[in-house]
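So this block is run_16.csv, CSV, C-alpha atoms:
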chain,number,residue,atom,x,y,z
A,289,MET,CA,39.5,-23.0,-21.9
A,290,ALA,CA,36.9,-20.9,-23.8
A,291,GLY,CA,35.0,-24.0,-24.8
A,292,TYR,CA,35.6,-26.0,-21.7
A,293,GLU,CA,32.5,-28.1,-20.7
A,294,TYR,CA,31.9,-28.2,-17.0
A,295,VAL,CA,28.7,-30.3,-17.1
A,296,SER,CA,29.6,-34.0,-17.6
A,297,PRO,CA,27.6,-36.4,-19.8
A,298,GLU,CA,26.3,-38.1,-16.7
A,299,GLN,CA,25.0,-34.8,-15.4
A,300,LEU,CA,23.4,-33.9,-18.7
A,301,SER,CA,21.6,-37.3,-18.6
A,302,GLY,CA,20.5,-36.5,-15.0
A,303,PHE,CA,19.1,-33.1,-16.1
A,304,ASP,CA,16.9,-35.0,-18.7
A,305,LYS,CA,15.3,-36.9,-15.8
A,306,TYR,CA,14.9,-33.9,-13.5
A,307,LYS,CA,11.6,-32.9,-12.0
A,308,TYR,CA,11.1,-29.7,-10.1
A,309,SER,CA,10.1,-30.2,-6.5
A,310,ALA,CA,9.8,-27.3,-4.1
A,311,LEU,CA,7.8,-26.5,-1.0
A,312,ASP,CA,6.9,-23.0,0.2
A,313,THR,CA,5.2,-22.8,3.6
A,314,ASN,CA,5.9,-19.1,4.4
A,315,PRO,CA,2.6,-17.3,5.2
A,316,LEU,CA,4.1,-14.0,3.9
A,317,SER,CA,5.0,-15.6,0.6
A,318,LEU,CA,1.8,-17.7,0.3
A,319,TYR,CA,-0.9,-15.1,1.2
A,320,ILE,CA,0.7,-11.8,0.2
A,321,MET,CA,3.6,-12.1,-2.2
A,322,HIS,CA,2.4,-14.8,-4.5
A,323,PRO,CA,-1.0,-13.0,-5.1
A,324,PHE,CA,1.0,-9.9,-5.8
A,325,TRP,CA,3.4,-11.6,-8.2
A,326,ASN,CA,0.5,-13.3,-10.0
A,327,THR,CA,-0.8,-9.8,-10.7
A,328,ILE,CA,2.6,-8.4,-11.7
A,329,VAL,CA,3.5,-11.2,-14.1
A,330,LYS,CA,0.5,-10.3,-16.3
A,331,VAL,CA,2.2,-7.0,-17.1
A,332,PHE,CA,5.1,-8.8,-18.9
A,333,PRO,CA,4.6,-9.6,-22.6
A,334,THR,CA,4.4,-13.3,-23.3
A,335,TRP,CA,7.5,-13.1,-25.6
A,336,LEU,CA,9.7,-12.1,-22.7
A,337,ALA,CA,12.1,-14.9,-21.7
A,338,PRO,CA,12.0,-15.8,-17.9
A,339,ASN,CA,15.8,-15.9,-17.8
A,340,LEU,CA,15.9,-12.3,-18.9
A,341,ILE,CA,13.6,-11.4,-15.9
A,342,THR,CA,15.9,-13.3,-13.6
A,343,PHE,CA,19.1,-11.6,-14.9
A,344,SER,CA,17.5,-8.2,-14.8
A,345,GLY,CA,16.7,-8.6,-11.1
A,346,PHE,CA,20.2,-9.8,-10.4
A,347,MET,CA,21.6,-6.7,-12.2
A,348,LEU,CA,19.5,-4.4,-10.0
A,349,LEU,CA,21.3,-5.8,-6.9
A,350,VAL,CA,24.6,-5.4,-8.6
A,351,PHE,CA,23.7,-1.8,-9.4
A,352,ASN,CA,22.8,-1.2,-5.8
A,353,PHE,CA,26.1,-2.6,-4.7
A,354,LEU,CA,28.0,-0.4,-7.1
A,355,LEU,CA,26.0,2.7,-6.2
A,356,LEU,CA,26.8,2.4,-2.5
A,357,THR,CA,30.4,1.5,-3.4
A,358,TYR,CA,30.6,4.9,-4.9
A,359,PHE,CA,28.9,6.8,-2.0
A,360,ASP,CA,30.2,4.6,0.8
A,361,PRO,CA,33.4,2.8,-0.3
A,362,ASP,CA,34.8,2.0,3.2
A,363,PHE,CA,31.5,1.8,5.2
A,364,TYR,CA,32.1,4.9,7.2
A,365,ALA,CA,29.5,7.1,5.5
A,366,SER,CA,26.8,6.3,8.2
A,367,ALA,CA,29.2,7.0,11.1
A,368,PRO,CA,28.9,10.2,13.1
A,369,GLY,CA,31.0,13.0,11.7
A,370,HIS,CA,31.3,11.6,8.2
A,371,LYS,CA,29.6,12.7,5.0
A,372,HIS,CA,26.4,10.6,4.8
A,373,VAL,CA,24.9,8.9,1.8
A,374,PRO,CA,22.4,11.2,0.1
A,375,ASP,CA,18.7,10.5,0.9
A,376,TRP,CA,17.8,9.9,-2.7
A,377,VAL,CA,20.3,7.0,-2.9
A,378,TRP,CA,18.4,5.2,-0.1
A,379,ILE,CA,15.1,5.7,-2.0
A,380,VAL,CA,16.6,4.3,-5.2
A,381,VAL,CA,18.2,1.4,-3.4
A,382,GLY,CA,15.0,0.5,-1.6
A,383,ILE,CA,12.9,0.6,-4.7
A,384,LEU,CA,15.4,-1.4,-6.8
A,385,ASN,CA,15.8,-4.0,-4.0
A,386,PHE,CA,12.1,-4.6,-3.9
A,387,ALA,CA,12.0,-4.6,-7.7
A,388,ALA,CA,14.8,-7.3,-7.7
A,389,TYR,CA,12.9,-9.3,-5.2
A,390,THR,CA,9.7,-9.0,-7.3
A,391,LEU,CA,11.5,-10.1,-10.5
A,392,ASP,CA,12.9,-13.1,-8.6
A,393,GLY,CA,9.4,-14.0,-7.6
A,394,VAL,CA,7.8,-13.7,-11.1
A,395,ASP,CA,10.4,-15.3,-13.3
A,396,GLY,CA,9.1,-18.8,-12.5
A,397,LYS,CA,5.5,-17.7,-13.0
A,398,GLN,CA,6.5,-16.2,-16.4
A,399,ALA,CA,8.1,-19.6,-17.3
A,400,ARG,CA,4.9,-21.5,-16.5
A,401,ARG,CA,2.8,-18.8,-18.2
A,402,THR,CA,4.7,-19.1,-21.4
A,403,ASN,CA,5.2,-22.9,-21.1
A,404,SER,CA,9.0,-22.5,-21.2
A,405,SER,CA,10.0,-24.1,-17.9
A,406,THR,CA,13.3,-25.9,-18.2
A,407,PRO,CA,16.0,-27.1,-15.7
A,408,LEU,CA,18.2,-24.4,-17.1
A,409,GLY,CA,15.8,-21.7,-15.8
A,410,GLU,CA,15.9,-23.1,-12.3
A,411,LEU,CA,19.7,-23.5,-12.3
A,412,PHE,CA,20.1,-19.9,-13.7
A,413,ASP,CA,17.7,-18.5,-11.0
A,414,HIS,CA,19.3,-20.3,-8.1
A,415,GLY,CA,22.8,-19.8,-9.4
A,416,LEU,CA,22.4,-16.0,-9.5
A,417,ASP,CA,20.7,-16.1,-6.1
A,418,SER,CA,23.8,-17.7,-4.6
A,419,TRP,CA,25.9,-14.7,-5.9
A,420,SER,CA,23.2,-12.2,-4.8
A,421,CYS,CA,23.8,-13.0,-1.2
A,422,VAL,CA,27.0,-11.0,-1.0
A,423,TYR,CA,25.6,-8.0,-2.9
A,424,PHE,CA,22.6,-7.9,-0.6
A,425,VAL,CA,24.4,-8.2,2.7
A,426,VAL,CA,27.2,-5.8,1.9
A,427,THR,CA,24.7,-3.2,0.6
A,428,VAL,CA,22.6,-3.5,3.8
A,429,TYR,CA,25.8,-2.9,5.8
A,430,SER,CA,26.0,0.7,4.6
A,431,ILE,CA,22.9,1.5,6.6
A,432,PHE,CA,24.8,1.1,9.9
A,433,GLY,CA,28.4,1.0,8.7
A,434,ARG,CA,31.4,1.1,10.9
A,435,GLY,CA,32.3,3.4,13.8
A,436,PRO,CA,31.0,3.7,17.3
A,437,THR,CA,27.3,3.4,16.3
A,438,GLY,CA,27.9,0.7,13.7
A,439,VAL,CA,29.0,-2.9,13.3
A,440,SER,CA,32.6,-3.9,13.0
A,441,VAL,CA,33.9,-5.3,9.7
A,442,PHE,CA,34.7,-8.6,11.4
A,443,VAL,CA,31.2,-8.9,12.9
A,444,LEU,CA,29.8,-8.2,9.4
A,445,TYR,CA,32.1,-10.9,8.0
A,446,LEU,CA,30.6,-13.4,10.4
A,447,LEU,CA,27.0,-12.2,9.6
A,448,LEU,CA,27.8,-12.7,5.9
A,449,TRP,CA,28.7,-16.2,6.7
A,450,VAL,CA,25.5,-16.8,8.6
A,451,VAL,CA,23.6,-15.7,5.5
A,452,LEU,CA,25.7,-17.8,3.2
A,453,PHE,CA,25.4,-21.0,5.3
A,454,SER,CA,21.6,-20.4,5.6
A,455,PHE,CA,21.5,-20.2,1.8
A,456,ILE,CA,23.5,-23.3,1.1
A,457,LEU,CA,21.5,-25.2,3.8
A,458,SER,CA,18.4,-25.2,1.6
A,459,HIS,CA,20.4,-26.7,-1.3
A,460,TRP,CA,22.0,-29.2,1.0
A,461,GLU,CA,18.4,-30.2,2.0
A,462,LYS,CA,17.5,-30.8,-1.7
A,463,TYR,CA,20.8,-32.6,-2.4
A,464,ASN,CA,19.7,-35.1,0.3
A,465,THR,CA,15.9,-35.1,0.2
A,466,GLY,CA,15.2,-34.2,-3.4
A,467,VAL,CA,12.9,-31.4,-2.3
A,468,LEU,CA,13.7,-27.7,-2.1
A,469,PHE,CA,12.2,-26.3,1.1
A,470,LEU,CA,12.1,-22.5,0.4
A,471,PRO,CA,13.4,-20.7,3.5
A,472,TRP,CA,11.1,-18.3,5.4
A,473,GLY,CA,13.9,-15.8,6.1
A,474,TYR,CA,14.3,-14.8,2.5
A,475,ASP,CA,10.9,-13.2,2.0
A,476,ILE,CA,10.9,-11.6,5.4
A,477,SER,CA,14.3,-10.1,5.0
A,478,GLN,CA,13.7,-8.7,1.5
A,479,VAL,CA,10.4,-7.0,2.4
A,480,THR,CA,11.9,-5.7,5.7
A,481,ILE,CA,15.1,-4.3,4.3
A,482,SER,CA,13.4,-2.6,1.3
A,483,PHE,CA,11.2,-0.8,3.9
A,484,VAL,CA,14.2,0.1,6.0
A,485,TYR,CA,16.0,1.7,3.0
A,486,ILE,CA,13.1,4.0,2.5
A,487,VAL,CA,12.7,4.8,6.2
A,488,THR,CA,16.5,5.7,6.2
A,489,ALA,CA,15.9,8.2,3.5
A,490,VAL,CA,13.1,9.8,5.5
A,491,VAL,CA,14.6,9.8,9.0
A,492,GLY,CA,18.3,9.8,8.2
A,493,VAL,CA,21.0,7.4,9.4
A,494,GLU,CA,21.2,9.4,12.6
A,495,ALA,CA,17.9,7.7,13.7
A,496,TRP,CA,19.7,4.4,13.9
A,497,TYR,CA,22.2,5.8,16.4
A,498,GLU,CA,19.5,5.8,19.1
A,499,PRO,CA,18.7,2.8,21.3
A,500,PHE,CA,15.9,0.6,20.1
A,501,LEU,CA,15.0,-0.6,23.6
A,502,PHE,CA,16.9,0.4,26.8
A,503,ASN,CA,20.5,0.2,25.7
A,504,PHE,CA,19.8,-2.2,22.8
A,505,LEU,CA,20.8,-0.4,19.6
A,506,TYR,CA,19.4,-0.8,16.2
A,507,ARG,CA,22.7,-2.3,15.1
A,508,ASP,CA,22.2,-5.0,17.8
A,509,LEU,CA,18.7,-5.6,16.5
A,510,PHE,CA,20.1,-6.0,13.0
A,511,THR,CA,22.7,-8.5,14.2
A,512,ALA,CA,20.2,-10.4,16.4
A,513,MET,CA,17.6,-10.7,13.5
A,514,ILE,CA,20.2,-12.3,11.2
A,515,ILE,CA,21.5,-14.7,13.8
A,516,GLY,CA,18.1,-15.4,15.3
A,517,CYS,CA,16.5,-16.1,11.9
A,518,ALA,CA,19.3,-18.6,11.1
A,519,LEU,CA,19.4,-20.4,14.5
A,520,CYS,CA,15.7,-20.3,15.3
A,521,VAL,CA,14.0,-20.7,11.9
A,522,THR,CA,16.3,-21.8,9.1
A,523,LEU,CA,18.5,-24.4,10.8
A,524,PRO,CA,15.7,-26.1,12.9
A,525,MET,CA,13.5,-26.4,9.8
A,526,SER,CA,16.3,-27.8,7.7
A,527,LEU,CA,17.1,-30.4,10.3
A,528,LEU,CA,13.5,-31.2,10.7
A,529,ASN,CA,13.0,-31.7,6.9
A,530,PHE,CA,16.1,-33.9,6.8
A,531,PHE,CA,14.9,-36.0,9.8
A,532,ARG,CA,11.5,-36.5,8.2
A,533,SER,CA,13.2,-37.7,5.0
A,534,TYR,CA,15.4,-40.0,7.1
A,535,LYS,CA,12.4,-41.4,8.9
A,536,SER,CA,10.5,-42.0,5.6
A,537,ASN,CA,13.6,-43.7,4.1
A,538,THR,CA,13.7,-41.2,1.2
A,539,LEU,CA,17.2,-39.8,1.7
A,540,LYS,CA,19.2,-39.9,-1.5
A,541,HIS,CA,22.5,-40.4,0.3
A,542,LYS,CA,22.6,-43.1,3.0
A,543,SER,CA,26.1,-42.5,4.6
A,544,VAL,CA,26.8,-39.5,6.8
A,545,TYR,CA,29.9,-38.8,4.9
A,546,GLU,CA,28.1,-38.5,1.5
A,547,ALA,CA,25.3,-36.5,3.1
A,548,MET,CA,27.8,-33.9,4.4
A,549,VAL,CA,30.1,-33.6,1.4
A,550,PRO,CA,28.4,-30.4,0.2
A,551,PHE,CA,29.6,-28.6,3.4
A,552,PHE,CA,33.3,-29.5,2.9
A,553,SER,CA,34.2,-26.7,0.4
A,554,PRO,CA,32.2,-23.9,2.2
A,555,CYS,CA,33.7,-24.9,5.5
A,556,LEU,CA,37.2,-24.9,4.1
A,557,LEU,CA,36.5,-21.5,2.5
A,558,PHE,CA,35.4,-20.1,5.8
A,559,THR,CA,38.4,-21.6,7.6
A,560,LEU,CA,40.9,-20.2,5.1
A,561,CYS,CA,39.4,-16.8,5.0
A,562,THR,CA,39.1,-16.5,8.8
A,563,VAL,CA,42.8,-17.6,9.2
A,564,TRP,CA,43.8,-15.0,6.6
A,565,ILE,CA,42.0,-12.3,8.6
A,566,LEU,CA,43.4,-13.3,11.9
A,567,TRP,CA,47.0,-13.7,10.7
A,568,SER,CA,47.0,-10.8,8.3
A,569,PRO,CA,50.1,-8.5,8.8
A,570,SER,CA,48.2,-5.5,7.4
A,571,ASP,CA,44.8,-6.2,9.0
A,572,ILE,CA,43.5,-6.9,5.5
A,573,LEU,CA,39.8,-6.9,6.4
A,574,GLU,CA,40.0,-3.5,8.0
A,575,ILE,CA,41.7,-1.9,5.0
A,576,HIS,CA,39.8,-3.7,2.2
A,577,PRO,CA,36.5,-5.0,3.7
A,578,ARG,CA,34.4,-4.6,0.5
A,579,ILE,CA,36.8,-6.4,-1.7
A,580,PHE,CA,37.3,-9.2,0.9
A,581,TYR,CA,33.6,-9.7,1.3
A,582,PHE,CA,33.2,-9.8,-2.5
A,583,MET,CA,36.0,-12.4,-2.8
A,584,VAL,CA,34.3,-14.6,-0.2
A,585,GLY,CA,30.9,-14.2,-1.8
A,586,THR,CA,32.1,-15.0,-5.3
A,587,ALA,CA,34.0,-18.1,-4.2
A,588,PHE,CA,30.9,-19.3,-2.3
A,589,ALA,CA,28.7,-18.7,-5.3
A,590,ASN,CA,30.9,-20.9,-7.4
A,591,ILE,CA,30.8,-23.7,-4.8
A,592,THR,CA,27.1,-23.4,-4.5
A,593,CYS,CA,26.5,-23.5,-8.2
A,594,GLN,CA,28.4,-26.7,-8.5
A,595,LEU,CA,26.3,-28.2,-5.7
A,596,ILE,CA,23.0,-27.1,-7.5
A,597,VAL,CA,24.2,-28.7,-10.7
A,598,CYS,CA,24.8,-32.0,-8.8
A,599,GLN,CA,21.5,-31.9,-6.8
A,600,MET,CA,19.5,-31.2,-10.0
A,601,SER,CA,21.3,-34.0,-12.0
A,602,SER,CA,21.4,-36.5,-9.1
A,603,THR,CA,25.2,-36.8,-9.2
A,604,ARG,CA,27.8,-36.6,-6.5
A,605,CYS,CA,28.9,-33.2,-5.3
A,606,PRO,CA,32.6,-32.6,-5.7
A,607,THR,CA,34.5,-32.9,-2.4
A,608,LEU,CA,36.5,-29.7,-2.9
A,609,ASN,CA,36.3,-26.8,-5.2
A,610,TRP,CA,39.5,-26.0,-7.2
A,611,LEU,CA,39.2,-22.2,-6.4
A,612,LEU,CA,40.3,-23.1,-2.8
A,613,LEU,CA,43.8,-24.1,-4.0
A,614,PRO,CA,45.0,-20.5,-4.9
A,615,LEU,CA,43.3,-19.3,-1.8
A,616,LEU,CA,45.2,-21.9,0.3
A,617,LEU,CA,48.5,-20.8,-1.3
A,618,VAL,CA,47.8,-17.1,-0.5
A,619,VAL,CA,46.9,-17.9,3.1
A,620,ALA,CA,50.0,-20.1,3.5
A,621,ALA,CA,52.1,-17.1,2.3
A,622,VAL,CA,50.5,-14.9,4.8
A,623,ILE,CA,51.0,-17.4,7.7
A,624,VAL,CA,54.7,-17.9,7.0
A,625,GLY,CA,55.3,-14.2,6.6
A,626,ALA,CA,56.1,-14.2,2.9
A,627,ALA,CA,53.4,-11.6,2.1
A,628,THR,CA,54.2,-8.0,3.0
A,629,SER,CA,51.4,-5.5,3.6
A,630,ARG,CA,51.6,-4.2,0.0
A,631,LEU,CA,51.9,-7.6,-1.5
A,632,GLU,CA,49.0,-8.9,0.6
A,633,SER,CA,46.7,-6.2,-0.8
A,634,ALA,CA,47.9,-7.1,-4.4
A,635,LEU,CA,47.2,-10.8,-3.7
A,636,LEU,CA,43.7,-10.0,-2.5
A,637,TYR,CA,42.8,-8.0,-5.6
A,638,THR,CA,44.4,-10.6,-7.9
A,639,LEU,CA,42.6,-13.4,-6.2
A,640,THR,CA,39.3,-11.5,-6.3
A,641,ALA,CA,39.7,-10.8,-10.1
A,642,ALA,CA,40.6,-14.4,-10.7
A,643,PHE,CA,37.6,-15.7,-8.8
A,644,THR,CA,35.3,-13.4,-10.6
A,645,LEU,CA,36.5,-14.3,-14.0
A,646,ALA,CA,36.5,-18.0,-13.2
A,647,HIS,CA,33.0,-17.8,-11.9
A,648,ILE,CA,31.7,-15.8,-14.8
A,649,HIS,CA,33.4,-18.3,-17.2
A,650,TYR,CA,31.8,-21.2,-15.3
A,651,GLY,CA,28.3,-19.6,-15.5
A,652,VAL,CA,28.6,-18.7,-19.2
A,653,GLN,CA,29.8,-22.1,-20.2
A,654,VAL,CA,27.2,-24.0,-18.2
A,655,VAL,CA,24.4,-21.9,-19.6
A,656,LYS,CA,25.8,-22.5,-23.2
A,657,GLN,CA,26.2,-26.2,-22.6
A,658,LEU,CA,22.6,-26.7,-21.2
A,659,SER,CA,21.2,-24.4,-23.9
A,660,ARG,CA,22.7,-26.6,-26.6
A,661,HIS,CA,21.5,-29.8,-24.8
A,662,PHE,CA,17.9,-28.6,-24.4
A,663,GLN,CA,18.0,-26.9,-27.8
A,664,ILE,CA,16.8,-23.5,-26.5
A,665,TYR,CA,18.1,-19.9,-26.3
A,666,PRO,CA,18.8,-18.8,-22.8
A,667,PHE,CA,17.3,-15.3,-23.2
A,668,SER,CA,14.7,-15.8,-25.9
A,669,LEU,CA,11.6,-18.0,-26.3
A,670,ARG,CA,12.4,-18.6,-30.0
A,671,LYS,CA,13.6,-22.1,-30.8
A,672,PRO,CA,17.0,-22.6,-32.6
A,673,ASN,CA,15.4,-24.7,-35.4
A,674,SER,CA,12.8,-21.9,-36.0
A,675,ASP,CA,15.3,-19.4,-37.3

Take the structure in the file and write it out as structure tokens.
Amino acid sequence: MAGYEYVSPEQLSGFDKYKYSALDTNPLSLYIMHPFWNTIVKVFPTWLAPNLITFSGFMLLVFNFLLLTYFDPDFYASAPGHKHVPDWVWIVVGILNFAAYTLDGVDGKQARRTNSSTPLGELFDHGLDSWSCVYFVVTVYSIFGRGPTGVSVFVLYLLLWVVLFSFILSHWEKYNTGVLFLPWGYDISQVTISFVYIVTAVVGVEAWYEPFLFNFLYRDLFTAMIIGCALCVTLPMSLLNFFRSYKSNTLKHKSVYEAMVPFFSPCLLFTLCTVWILWSPSDILEIHPRIFYFMVGTAFANITCQLIVCQMSSTRCPTLNWLLLPLLLVVAAVIVGAATSRLESALLYTLTAAFTLAHIHYGVQVVKQLSRHFQIYPFSLRKPNSD
């Protein structure tokens, strides 16, 4: 298993023909962030590999997630009457979140600056972005948390899925049109939430208890912004881009079935996880929300990474992801009553560990395989034949 090759010869051949094609029309990105990133990238030495910048940004998000896991393990820290997260933590999280966003913006510029752009770099970048979704959303949750002034764990679960489907929608577009239309919501959300973290340190979480307008609370604004951005911006623009490609006869998949295949696994993942929550004898989401979110986000990241490999190599997306099989067995055990409360928690932790190890193995092996294929080092600009 250690040397298993996930990328097929057909996909490797497709990577050889791959040409990067993306379109960014977001005014915030075009007129503010890109000029800022063009300045920042000049700070980095030319020997620094772009993938190292990408990975560093991802690890900052992981650190934020772990930091708030320590100070707010069950999402009650922001609720009235509970010990709140220290102000300095919000400052650190805000700075690191913006730093991670900046690194995600400059890695591609560093690649072009050093003439080291490769399909592996794009795959590595977007693959880590798919896993970053859960770290970002769950970390933001700690601002409002649970309790009378917060958001319920089930509502946050649904909001997480709104973000996940918004993310995969962009790659579904590219799978069908050949062009990655960069979503507007990403830049807006990253800048906004970095600012909100800092504001929280200054005014305290108690400020978010007050109504924003009339009886409209800040938690309601938080929920409305996520749903509104998805329904009013991301989804309409994706459908419009798909329709334009259809009208110009440039769609890569002609049948409705083939065009929709990338949604099969994420939809089944959503269905299985939701059934588990609703049928859970121990109310699993209430007692282990952070682990449950992480399990969902990791499985989703694996599904999305396989889609990205297929859209970049112009090969067919797998109909179903194999990680869904053990999840199906666990959910079946819950439904038939074979899983007691204690066993259910053990199954969740086991499944989460298995998904994490499987996804890390997938990522490491794919990076190794493509590095050998393109004869490059993933985290160095040196060439293997120059050693």

Identify, on the basis of all atoms listed in the file, every residue whose closest approach to Tyr463 of chain A does not exceed 10 Å; exclude the query and any residue fewer than 5 positions from it along the same chain; express the result as a list in words. Leu457, Ser458, Leu468, Leu539, Lys540, His541, Ala547, Met548, Pro550, Leu595, Ile596, Val597, Cys598, Gln599, Met600, Ser601, Ser602, Thr603, Arg604 and Cys605 of chain A

Do you have the atom CA of Glu298 of chain A-atom CA of Thr644 of chain A distance handy? 27.0 Å

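Here atom CA of Leu631 of chain A and atom CA of Asp571 of chain A stand 12.8 Å from one another.
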
Write out as a Markdown table a residue-level contact list of segment 406-462 of chain A versus segment 337-359 of chain A with cut-off 9 Å: for each qualifying residue the closest pair of atoms and the distance in Å to one decimal, counting all atoms listed in the file, rows sorted by chain and residue number upward.
| residue | atom | partner | partner_atom | distance |
| --- | --- | --- | --- | --- |
| A:Leu408 | CA | A:Asn339 | CA | 8.9 |
| A:Gly409 | CA | A:Asn339 | CA | 6.1 |
| A:Phe412 | CA | A:Asn339 | CA | 7.2 |
| A:Asp413 | CA | A:Thr342 | CA | 6.1 |
| A:Leu416 | CA | A:Phe346 | CA | 6.6 |
| A:Asp417 | CA | A:Phe346 | CA | 7.6 |
| A:Trp419 | CA | A:Phe346 | CA | 8.8 |
| A:Ser420 | CA | A:Phe346 | CA | 6.8 |
| A:Tyr423 | CA | A:Phe353 | CA | 5.7 |
| A:Phe424 | CA | A:Leu349 | CA | 6.8 |
| A:Val426 | CA | A:Phe353 | CA | 7.4 |
| A:Thr427 | CA | A:Phe353 | CA | 5.5 |
| A:Ser430 | CA | A:Leu356 | CA | 7.3 |

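Using all atoms listed in the file, the smallest distance between any of A:Tyr637, A:Tyr445, A:Phe363, A:Trp335 and Phe558 of chain A comes from A:Tyr445.
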
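With atom CA of Ile591 of chain A on one side and atom CA of Pro554 of chain A on the other, the separation reads 7.1 Å.
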
Please determine, counting only C-alpha atoms, which residue among A:Ile383, A:Val479, A:Val584, A:Arg401 has the shortest atom-to-atom distance to Pro333 of chain A. A:Arg401

Which residue is closest to Ile515 of chain A? Choose from A:Ser570, A:Ser536, A:Ser454, A:Ser553 and count all atoms listed in the file.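 Once distances to Ile515 of chain A are computed over all atoms listed in the file, the minimum belongs to A:Ser454.
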
Looking at only C-alpha atoms, which of A:Ile565, A:Val521, A:Ala634, A:Met583 is the one that sits closest to Val441 of chain A?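 Answer, going by the shortest atom-to-atom distance: A:Ile565.
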
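Distances here use all atoms listed in the file; by that measure, the residue among A:Val329, A:Met525, A:Leu560, A:Leu505 closest to Lys397 of chain A is A:Val329.
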
If we count all atoms listed in the file and set the cut-off at 12 Å, which residues sit around Leu447 of chain A, ignoring sequence neighbours fewer than 3 positions away in its own chain? Please answer as a VMD selection string. chain A and resid 421 to 422 424 to 426 428 to 429 439 to 444 450 to 454 508 510 to 518 581

Ref. answer, residues at most 10 Å from (7.6, -25.8, -4.0) with all atoms listed in the file, as a PyMOL selection string: chain A and resi 308-313+467-470

Identify which of the residues A:Cys520, A:Ile664, A:Val654, A:Ile431 lies closest to Tyr364 of chain A, counting all atoms listed in the file when measuring atom-to-atom distances. A:Ile431

Could the centre and edge lengths of an axis-aligned box, enclosing all atoms of segment 373-386 of chain A in the file with 6 Å extra on each side, be given in Å to one decimal as AutoDock Vina command-line options?
--center_x 18.5 --center_y 3.3 --center_z -2.5 --size_x 24.8 --size_y 27.8 --size_z 20.6
